Amino acid sequence: HDCAVFGIPDEEFGEKLCAHIEPDPKAPLAAAEVTAFLRARLADFKVPRVIKFETALPREDSGKITKRKLRDPYWAETGRLI
């Protein structure tokens with residue numbers, strides 16, 4: 001149904017893309033399917049290296065995805081916040 005893509009720490013390049021996906025429960029997905037779909041449509045550097053599935057993404061009262069709640073745990077130990 002929905003997804004959020006954001007940068008997370010990467011030792012080699014500084015950051016890499018991570019996607020958190022809230023799939024339709026009636027149409028389950030596998031990470032390999034998502035990656036194959038995106039590689040056919042995007043440049044390699046735009047394809048998320050990490051894909052996680054969530055039953056529900058965190059949302060604000062307005063219904064917008066709260067990316068900070070997804071992103072902060074990845075950055076907590078780096079001493080760097082976005």
# chains A, B, ... in the order shown; residues from 1 in each chain; ligands from 1
call {"tool": "select_by_dssp", "arguments": {"residues": "stretch 4-61 of chain A", "states": "strand (DSSP E or B)", "output": "PyMOL selection string"}}
result
chain A and resi 4-10+14-22+50-53+59
call {"tool": "write_last_selection", "arguments": {"atoms": "C-alpha atoms", "output": "CSV table (one decimal), in the first residue's frame"}}
result
chain,number,residue,atom,x,y,z
A,4,ALA,CA,9.1,5.3,2.8
A,5,VAL,CA,12.6,5.5,1.4
A,6,PHE,CA,15.4,7.3,3.3
A,7,GLY,CA,19.1,7.2,3.9
A,8,ILE,CA,20.8,5.1,6.6
A,9,PRO,CA,24.4,4.9,7.6
A,10,ASP,CA,26.8,3.0,5.4
A,14,GLY,CA,28.4,7.3,4.2
A,15,GLU,CA,24.7,6.6,3.4
A,16,LYS,CA,22.7,4.0,1.6
A,17,LEU,CA,19.0,3.8,0.7
A,18,CYS,CA,16.6,1.9,2.9
A,19,ALA,CA,12.9,1.2,2.1
A,20,HIS,CA,10.2,0.3,4.6
A,21,ILE,CA,7.2,-1.1,2.8
A,22,GLU,CA,3.7,-1.5,4.0
A,50,VAL,CA,17.9,-2.5,2.5
A,51,ILE,CA,14.2,-3.4,2.2
A,52,LYS,CA,12.0,-4.1,5.3
A,53,PHE,CA,8.3,-4.9,5.4
A,59,ARG,CA,1.8,8.0,10.7
call {"tool": "atom_distance", "arguments": {"atom1": "atom CA of A:Ser62", "atom2": "atom CA of A:Cys3"}}
result
16.2 Å
call {"tool": "residues_around", "arguments": {"residues": "A:Ile65", "least_positions_apart": "4", "cutoff": "10 Å", "atoms": "only C-alpha atoms", "output": "JSON, numbers by chain"}}
result
{"A": [2, 3, 4, 56, 57, 58, 59, 60, 61, 69, 70]}
call {"tool": "select_by_dssp", "arguments": {"residues": "stretch 33-66 of chain A", "states": "helix (DSSP H, G or I)", "output": "list of chain:residue names"}}
result
A:Glu33, A:Val34, A:Thr35, A:Ala36, A:Phe37, A:Leu38, A:Arg39, A:Asp44, A:Phe45, A:Lys46
call {"tool": "residues_around", "arguments": {"residues": "A:Pro25", "least_positions_apart": "4", "cutoff": "10 Å", "atoms": "only C-alpha atoms", "output": "list in words"}}
result
His1, Leu29 and Thr55 of chain A
call {"tool": "write_last_selection", "arguments": {"atoms": "C-alpha atoms", "output": "PDB file, in the first residue's frame"}}
result
ATOM      1  CA  HIS A   1       0.000   0.000   0.000  1.00  0.00           C
ATOM      2  CA  LEU A  29       5.821  -9.272  -1.581  1.00  0.00           C
ATOM      3  CA  THR A  55       2.452  -4.284   8.903  1.00  0.00           C
TER       4      THR A  55
END
call {"tool": "decode", "arguments": {"residues": "chain A", "atoms": "C-alpha atoms", "output": "CSV table (one decimal), in the first residue's frame"}}
result
chain,number,residue,atom,x,y,z
A,1,HIS,CA,0.0,0.0,0.0
A,2,ASP,CA,2.7,2.5,1.0
A,3,CYS,CA,6.4,2.9,1.5
A,4,ALA,CA,9.1,5.3,2.8
A,5,VAL,CA,12.6,5.5,1.4
A,6,PHE,CA,15.4,7.3,3.3
A,7,GLY,CA,19.1,7.2,3.9
A,8,ILE,CA,20.8,5.1,6.6
A,9,PRO,CA,24.4,4.9,7.6
A,10,ASP,CA,26.8,3.0,5.4
A,11,GLU,CA,30.5,2.5,6.3
A,12,GLU,CA,31.7,2.5,2.7
A,13,PHE,CA,29.7,5.4,1.1
A,14,GLY,CA,28.4,7.3,4.2
A,15,GLU,CA,24.7,6.6,3.4
A,16,LYS,CA,22.7,4.0,1.6
A,17,LEU,CA,19.0,3.8,0.7
A,18,CYS,CA,16.6,1.9,2.9
A,19,ALA,CA,12.9,1.2,2.1
A,20,HIS,CA,10.2,0.3,4.6
A,21,ILE,CA,7.2,-1.1,2.8
A,22,GLU,CA,3.7,-1.5,4.0
A,23,PRO,CA,2.4,-4.1,1.5
A,24,ASP,CA,-1.2,-5.0,0.7
A,25,PRO,CA,-2.0,-8.0,2.9
A,26,LYS,CA,-3.8,-9.6,0.0
A,27,ALA,CA,-0.7,-9.4,-2.2
A,28,PRO,CA,2.4,-10.3,-0.2
A,29,LEU,CA,5.8,-9.3,-1.6
A,30,ALA,CA,9.4,-10.5,-1.3
A,31,ALA,CA,12.4,-8.2,-1.1
A,32,ALA,CA,13.8,-9.9,-4.2
A,33,GLU,CA,10.6,-9.0,-6.2
A,34,VAL,CA,10.8,-5.3,-5.1
A,35,THR,CA,14.5,-5.1,-6.0
A,36,ALA,CA,14.0,-6.7,-9.4
A,37,PHE,CA,11.1,-4.3,-10.1
A,38,LEU,CA,13.1,-1.3,-9.1
A,39,ARG,CA,16.3,-2.3,-11.0
A,40,ALA,CA,14.3,-2.6,-14.2
A,41,ARG,CA,13.1,1.1,-13.8
A,42,LEU,CA,15.8,3.0,-11.8
A,43,ALA,CA,19.5,3.6,-12.0
A,44,ASP,CA,21.4,1.3,-9.7
A,45,PHE,CA,22.3,4.0,-7.2
A,46,LYS,CA,18.6,4.8,-6.7
A,47,VAL,CA,17.6,1.2,-5.7
A,48,PRO,CA,17.4,0.7,-1.9
A,49,ARG,CA,20.0,-1.7,-0.5
A,50,VAL,CA,17.9,-2.5,2.5
A,51,ILE,CA,14.2,-3.4,2.2
A,52,LYS,CA,12.0,-4.1,5.3
A,53,PHE,CA,8.3,-4.9,5.4
A,54,GLU,CA,6.0,-3.4,8.1
A,55,THR,CA,2.5,-4.3,8.9
A,56,ALA,CA,1.8,-0.6,9.4
A,57,LEU,CA,4.1,2.4,8.9
A,58,PRO,CA,4.1,5.1,11.6
A,59,ARG,CA,1.8,8.0,10.7
A,60,GLU,CA,1.1,11.5,11.9
A,61,ASP,CA,-2.5,12.7,12.7
A,62,SER,CA,-2.6,14.0,9.1
A,63,GLY,CA,-1.9,10.5,7.7
A,64,LYS,CA,1.6,11.4,6.5
A,65,ILE,CA,4.3,8.8,7.1
A,66,THR,CA,6.5,9.8,10.0
A,67,LYS,CA,9.9,9.0,8.5
A,68,ARG,CA,11.8,10.2,11.5
A,69,LYS,CA,10.4,7.3,13.6
A,70,LEU,CA,11.7,4.8,11.0
A,71,ARG,CA,15.0,6.6,10.4
A,72,ASP,CA,16.1,7.5,13.9
A,73,PRO,CA,17.0,4.0,15.1
A,74,TYR,CA,19.5,3.6,12.3
A,75,TRP,CA,21.3,6.8,13.2
A,76,ALA,CA,21.0,6.7,17.0
A,77,GLU,CA,24.5,5.1,17.6
A,78,THR,CA,26.3,7.3,15.0
A,79,GLY,CA,26.0,10.5,17.0
A,80,ARG,CA,24.6,12.0,13.8
A,81,LEU,CA,21.0,12.9,13.4
A,82,ILE,CA,19.2,14.1,10.3
